[in-house]
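Working notes, beginning with the structure itself.
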Amino acid sequence: MVSRQAARLLADTPAIADAHFRAEAEPYHPDARPDGYLNLGTAENRLLWDLLRDRLAALPPMTEQTARYAPLHGTAVLRERVAALLSTTCRTVLDPDDLVVISGATGALDAIASVLCDPGEAIVVPAPYYGAFDTDLGGRSGARILPAPLSPTDGFRLAPAAVDRALREARATGVTVRAVAVSSPSNPIGETHPPETLAALLRVARAHDVDLISDEIYAHSAFGDREFTSATDPAVNPHWAHRTHVVWGFAKDFALPGLKTGVLHTRNPQVRSAARAMAYFAPVSTATQNTLAELLADPAWTTSFLAEGRHRLASSYAHLCSLLDEHGIPYAPADAGFSVWLDLRAWLPGSGFDAEQRLWAELFETTRVSILPGGAFRSPEPGWFRLCHAVDATLVTEAVHRIAAHLPAPSPSPSSPSSPSPNGSRP
């Protein structure tokens with residue numbers, strides 16, 4: 001017998017996690033396991049270890065001091081160095097005291113949702129959205145996640161009007177909404193949101209008197225022509241900074257997901273105090289915090305490392321797109337993150353999300369390639385899949401060849417203005 005909350009958490013285990021561990025248990029190897037799984041479903045950056053290995057090995061070893069207790073919301077030195085890094089990224093000075101270090105971005109999202117929402121209250125999230133948001137934002141807080149469906153006609157670009165519509169509909173039905181949450185850059189779409197779009201989104205949040213939660217875990221992973229803009233940038237957020245809460249971490253930009261270190265930035269003193277109290281339940285080890293503080297001790301190395309990371313992501317994305325173009329597999333263009341949003345609607349064995357689930361299971365079990373179905377990301381329509389490319393290029397090549405070999409020639413489908421051309425561009 002378990003509590004209702006425990007039962008809800010068990011029922012809401014993200015499909016992302018299950019697929020990841022199944023694929024990782026039998027990984028592909030060209031010689032030892034040629035029929036193994038190719039895991040392109042997990043958003044891990046596996047392109048940077050050669051840059052990290054020697055740097056981490058050269059850091060000071062653990063000492064008695066780093067084996068002791070430290071402030072549970074983050075050591076002063078780590079918060080100072082993260083604040084220095086993010087101040088440049090956000091184009092505004094961040095106070096280290098406004099940072100809460102916690103176990104992973106998941107912990108930061110859980111904390112901010114629990115601080116802002118009572119059970120049954122709601123958070124509006126543009127959809128498709130990161131599949132674990134349902135658990136991260138609602139699993140323990142009891143908050144309801146209300147999707148704001150985006151349009152496939154423009155590749156599911158962020159649309160403040162869709163968020164405004166969802167907020168109005170919630171109010172009309174008596175639902176109390178406490179916040180809007182957005183991933184920026186977006187996951188799974190890979191869009192670096194334009195500054196004017198973020199400014200419009202913040203105006204919507206202000207008009208409805210709700211907070212904005214901006215998950216900026218990919219802030220330094222924008223590799224396209226458009227520079228990343230933070231929701232805390234004064235150029236887009238002149239009036240709502242005290243109601244804007246940013247989540248960041250070391251998992252994506254620094255390719256260190258196993259160190260489980262997230263950061264919450266908030267300028268609201270009450271929210272900050274409550275989040276610090278919640279960090280008691282999910283602290284980061286003192287030794288890990290010391291390692292990350294030392295990693296950030298040389299700003300020149302950090303700048304060079306992040307720049308090289310963006311360069312490698314751009315090359316990886318270009319390689320994937322060339323393969324998809326070669327095989328006539330359409331996709332929505334991306335300029336950030338580790339994934340591409342594939343359009344496999346023409347190959348669905350039927351209609352609806354049941355058909356999408358069947359195609360996903362078929363690809364997973366038959367081709368042994370792990371990509372994730374759009375339903376896991378609350379896609380407004382079936383047939384879209386997330387493929388992560390930040391792994392060795394040979395693995396991406398093998399995976400796309402397997403997928404393409406399995407897909408039959410697509411049957412003619414009703415014309416749709418939302419259908420992208422094979423090279424990812426829109427008509």
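Labeling convention for the structure tokens: chains A, B, ... as they appear, residues from 1 per chain, ligands from 1 in order of appearance.
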
Give the alpha helix (DSSP H) residues of region 214-335 of chain A, as assigned by DSSP on the backbone, as an MDAnalysis selection string.
-> chainID A and resid 269:279 286:295 299:327

Counting only C-alpha atoms, what is within 10 Å of Asp97 (chain A), bar same-chain residues fewer than 6 positions away, as a PyMOL selection string?
-> chain A and resi 73-74+76+79-80+83+265-267+269+272

Residues from last step as file, C-alpha atoms, as a JSON list (two decimals), in the first residue's frame:
```
[["chain", "number", "residue", "atom", "x", "y", "z"],
["A", 73, "HIS", "CA", 21.29, 25.73, -1.29],
["A", 74, "GLY", "CA", 24.81, 25.95, -2.72],
["A", 76, "ALA", "CA", 29.13, 30.64, -1.93],
["A", 79, "ARG", "CA", 26.97, 30.46, -6.72],
["A", 80, "GLU", "CA", 29.39, 33.34, -7.33],
["A", 83, "ALA", "CA", 26.30, 34.07, -11.33],
["A", 265, "HIS", "CA", 17.47, 31.98, -10.22],
["A", 266, "THR", "CA", 14.75, 34.14, -8.70],
["A", 267, "ARG", "CA", 14.66, 37.75, -7.58],
["A", 269, "PRO", "CA", 12.76, 36.98, -1.72],
["A", 272, "ARG", "CA", 14.02, 32.27, -2.91]]
```

Find, counting only C-alpha atoms, the residue in A:Ile112, A:Ala105, A:Ala334, A:Leu78 that gets nearest to Arg226 (chain A).
-> A:Ala334

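We find CA of Ala336 (chain A) and CA of Phe223 (chain A) to be spaced 5.5 Å apart.
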
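Between Leu150 (chain A) and the candidates A:Ala255, A:Glu381, A:Ala282, A:His406, the tightest atom-to-atom separation, counting only C-alpha atoms, involves A:Glu381.
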
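If only C-alpha atoms are the atoms counted, then among A:Pro188, A:Pro126, A:Gly36, A:Gly41 the closest residue to Ala162 (chain A) is A:Pro126.
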
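When CA of Glu26 (chain A) is paired with CA of Arg368 (chain A), their separation reads 9.7 Å.
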
Find the residues near Glu227 (chain A): any atom within 12 Å, counting only C-alpha atoms, skip ones fewer than 4 places away on the same chain, and give them as a PyMOL selection string.
-> chain A and resi 89-91+184-185+191-195+219-223+310+335-336

Do you have, as JSON lines, the list of residues of region 206-279 of chain A lying at most 9 Å from region 113-125 of chain A, each with its nearest atom pair and that distance in Å to one decimal, counting only C-alpha atoms and ordered by chain then number?
```
{"residue": "A:Asp211", "atom": "CA", "partner": "A:Leu116", "partner_atom": "CA", "distance": 8.3}
{"residue": "A:Ile213", "atom": "CA", "partner": "A:Ala113", "partner_atom": "CA", "distance": 8.7}
{"residue": "A:Val271", "atom": "CA", "partner": "A:Val115", "partner_atom": "CA", "distance": 6.5}
{"residue": "A:Ala274", "atom": "CA", "partner": "A:Val115", "partner_atom": "CA", "distance": 6.4}
{"residue": "A:Ala275", "atom": "CA", "partner": "A:Val115", "partner_atom": "CA", "distance": 6.7}
{"residue": "A:Met278", "atom": "CA", "partner": "A:Val115", "partner_atom": "CA", "distance": 8.6}
```

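Between Val204 (chain A) and the residues A:Ala170, A:Asp298, A:Arg165, A:Thr176, the shortest atom-to-atom distance, using only C-alpha atoms, involves A:Arg165.
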
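Among the candidate residues A:Ser315, A:Thr88, A:Asn45, A:Gln289, the one lying nearest to Gly337 (chain A) is A:Asn45, with distances computed using only C-alpha atoms.
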
Expected answer as a ChimeraX atom specification: strand (DSSP E) residues in region 163-214 of chain A = /A:177-183,211-214

Do you know which residues are at most 12 Å from Arg378 (chain A) counting only C-alpha atoms, after dropping those on the same chain fewer than 3 positions away, and could you put them as a ChimeraX atom specification?
-> /A:14-15,125-134,145-150,156,187-188,353,372-375,381-386

Take the residues from that selection and write them out as a compact mmCIF listing (two decimals), in the first residue's frame, keeping N, CA, C and O atoms.
```txt
# COMPACT_ATOMS: atom_id res chain seq x y z
N PRO A 14 8.23 9.03 -16.81
CA PRO A 14 8.37 9.47 -18.20
C PRO A 14 8.81 8.34 -19.13
O PRO A 14 9.68 7.54 -18.79
N ALA A 15 8.19 8.27 -20.32
CA ALA A 15 8.60 7.28 -21.31
C ALA A 15 10.05 7.48 -21.71
O ALA A 15 10.74 6.52 -22.08
N VAL A 125 1.81 25.43 -20.32
CA VAL A 125 3.06 25.14 -21.01
C VAL A 125 2.79 25.01 -22.50
O VAL A 125 1.95 24.21 -22.92
N PRO A 126 3.49 25.80 -23.34
CA PRO A 126 3.33 25.62 -24.79
C PRO A 126 3.70 24.19 -25.19
O PRO A 126 4.70 23.64 -24.73
N ALA A 127 2.87 23.60 -26.07
CA ALA A 127 3.07 22.21 -26.47
C ALA A 127 3.29 22.11 -27.97
O ALA A 127 2.64 22.81 -28.74
N PRO A 128 4.24 21.23 -28.40
CA PRO A 128 4.91 20.20 -27.63
C PRO A 128 5.93 20.76 -26.65
O PRO A 128 6.51 21.81 -26.88
N TYR A 129 6.11 20.01 -25.54
CA TYR A 129 7.07 20.42 -24.53
C TYR A 129 7.84 19.22 -24.01
O TYR A 129 7.45 18.07 -24.24
N TYR A 130 8.94 19.50 -23.33
CA TYR A 130 9.81 18.47 -22.76
C TYR A 130 8.95 17.47 -21.98
O TYR A 130 8.23 17.84 -21.05
N GLY A 131 9.03 16.20 -22.35
CA GLY A 131 8.12 15.20 -21.84
C GLY A 131 8.11 15.04 -20.34
O GLY A 131 7.09 14.65 -19.76
N ALA A 132 9.24 15.31 -19.67
CA ALA A 132 9.30 15.13 -18.22
C ALA A 132 8.73 16.32 -17.46
O ALA A 132 8.69 16.29 -16.23
N PHE A 133 8.30 17.40 -18.15
CA PHE A 133 7.69 18.52 -17.45
C PHE A 133 6.50 18.07 -16.61
O PHE A 133 6.25 18.60 -15.54
N ASP A 134 5.72 17.10 -17.13
CA ASP A 134 4.56 16.64 -16.37
C ASP A 134 4.96 16.17 -14.98
O ASP A 134 4.29 16.47 -13.98
N ILE A 145 -0.79 20.51 -15.37
CA ILE A 145 -0.10 21.06 -16.54
C ILE A 145 -1.13 21.22 -17.65
O ILE A 145 -1.75 20.24 -18.08
N LEU A 146 -1.31 22.46 -18.10
CA LEU A 146 -2.26 22.76 -19.16
C LEU A 146 -1.50 23.07 -20.44
O LEU A 146 -0.84 24.11 -20.54
N PRO A 147 -1.56 22.20 -21.44
CA PRO A 147 -0.86 22.47 -22.69
C PRO A 147 -1.49 23.64 -23.46
O PRO A 147 -2.72 23.79 -23.48
N ALA A 148 -0.64 24.46 -24.05
CA ALA A 148 -1.08 25.51 -24.98
C ALA A 148 -0.61 25.06 -26.36
O ALA A 148 0.56 25.26 -26.71
N PRO A 149 -1.48 24.44 -27.15
CA PRO A 149 -1.03 23.82 -28.41
C PRO A 149 -0.47 24.84 -29.39
O PRO A 149 -1.08 25.88 -29.66
N LEU A 150 0.72 24.52 -29.93
CA LEU A 150 1.34 25.33 -30.97
C LEU A 150 0.99 24.74 -32.34
O LEU A 150 0.49 23.63 -32.43
N PHE A 156 5.80 24.48 -35.16
CA PHE A 156 5.55 24.57 -33.72
C PHE A 156 6.39 25.67 -33.06
O PHE A 156 6.88 25.50 -31.94
N ASN A 187 12.75 22.61 -26.23
CA ASN A 187 12.93 21.17 -26.30
C ASN A 187 11.51 20.60 -26.38
O ASN A 187 10.72 20.87 -25.47
N PRO A 188 11.14 19.92 -27.47
CA PRO A 188 11.97 19.19 -28.43
C PRO A 188 12.25 19.92 -29.75
O PRO A 188 12.95 19.36 -30.61
N PHE A 353 -2.85 8.97 -32.26
CA PHE A 353 -1.66 8.71 -31.47
C PHE A 353 -1.42 7.21 -31.26
O PHE A 353 -0.30 6.80 -30.97
N LEU A 372 12.04 9.21 -29.87
CA LEU A 372 10.86 9.31 -29.01
C LEU A 372 9.66 9.89 -29.76
O LEU A 372 9.81 10.82 -30.56
N PRO A 373 8.47 9.34 -29.49
CA PRO A 373 7.27 9.79 -30.20
C PRO A 373 6.79 11.14 -29.67
O PRO A 373 6.98 11.48 -28.49
N GLY A 374 6.12 11.88 -30.54
CA GLY A 374 5.63 13.19 -30.16
C GLY A 374 4.65 13.17 -29.02
O GLY A 374 4.55 14.14 -28.25
N GLY A 375 3.92 12.07 -28.87
CA GLY A 375 2.98 11.98 -27.76
C GLY A 375 3.66 12.12 -26.41
O GLY A 375 3.06 12.60 -25.44
N GLU A 381 -0.42 17.08 -32.51
CA GLU A 381 -0.86 16.14 -33.54
C GLU A 381 0.13 14.98 -33.62
O GLU A 381 1.32 15.13 -33.31
N PRO A 382 -0.34 13.80 -34.03
CA PRO A 382 0.54 12.63 -34.09
C PRO A 382 1.45 12.65 -35.31
O PRO A 382 1.19 13.31 -36.30
N GLY A 383 2.54 11.88 -35.20
CA GLY A 383 3.42 11.68 -36.34
C GLY A 383 4.76 12.37 -36.25
O GLY A 383 5.59 12.23 -37.14
N TRP A 384 4.99 13.10 -35.17
CA TRP A 384 6.26 13.79 -34.98
C TRP A 384 7.10 13.04 -33.95
O TRP A 384 6.58 12.51 -32.96
N PHE A 385 8.42 13.00 -34.18
CA PHE A 385 9.33 12.25 -33.31
C PHE A 385 10.57 13.09 -33.03
O PHE A 385 11.05 13.83 -33.89
N ARG A 386 11.12 12.93 -31.81
CA ARG A 386 12.36 13.63 -31.47
C ARG A 386 13.54 12.69 -31.63
O ARG A 386 13.57 11.60 -31.06
```

Leu348 (chain A) environment, 10 Å, only C-alpha atoms, sequence neighbours closer than 2 positions dropped, as a VMD selection string | chain A and resid 344 to 346 350 to 360 382 to 384 407 410 to 411

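Compared by their closest atoms to Arg243 (chain A), and using only C-alpha atoms, the residues A:Val210, A:Thr288, A:Arg157, A:Ala300 rank with A:Val210 nearest.
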
Considering only C-alpha atoms, return as a PDB file with N, CA and C atoms, in the first residue's frame whatever protein or nucleic-acid residues lie within 9 Å of Leu395 (chain A), sequence-local ones (same chain, fewer than 6 positions apart) excluded.
```
ATOM      1  N   TYR A  28      24.626  -0.531 -29.226  1.00  0.00           N
ATOM      2  CA  TYR A  28      25.230  -0.936 -30.494  1.00  0.00           C
ATOM      3  C   TYR A  28      26.751  -0.839 -30.426  1.00  0.00           C
ATOM      4  N   LEU A  38      20.651   1.695 -30.899  1.00  0.00           N
ATOM      5  CA  LEU A  38      21.237   3.008 -31.135  1.00  0.00           C
ATOM      6  C   LEU A  38      20.354   4.018 -30.409  1.00  0.00           C
ATOM      7  N   ASN A  39      20.893   4.608 -29.367  1.00  0.00           N
ATOM      8  CA  ASN A  39      20.087   5.489 -28.517  1.00  0.00           C
ATOM      9  C   ASN A  39      20.166   6.922 -29.012  1.00  0.00           C
ATOM     10  N   LEU A  40      19.196   7.307 -29.822  1.00  0.00           N
ATOM     11  CA  LEU A  40      19.054   8.693 -30.254  1.00  0.00           C
ATOM     12  C   LEU A  40      17.795   9.305 -29.639  1.00  0.00           C
ATOM     13  N   HIS A 389      20.905  14.036 -31.762  1.00  0.00           N
ATOM     14  CA  HIS A 389      22.048  13.780 -32.646  1.00  0.00           C
ATOM     15  C   HIS A 389      23.408  14.043 -32.013  1.00  0.00           C
TER      16      HIS A 389
END
```

Work out how far CA of Ala277 (chain A) is from CA of Arg4 (chain A), in Å to one decimal.
-> 23.9 Å

Which neighbours of His239 (chain A) fall inside 9 Å, counting only C-alpha atoms, when residues of the same chain fewer than 6 positions from it are skipped, and could you give them as a ChimeraX atom specification?
-> /A:202-203,206
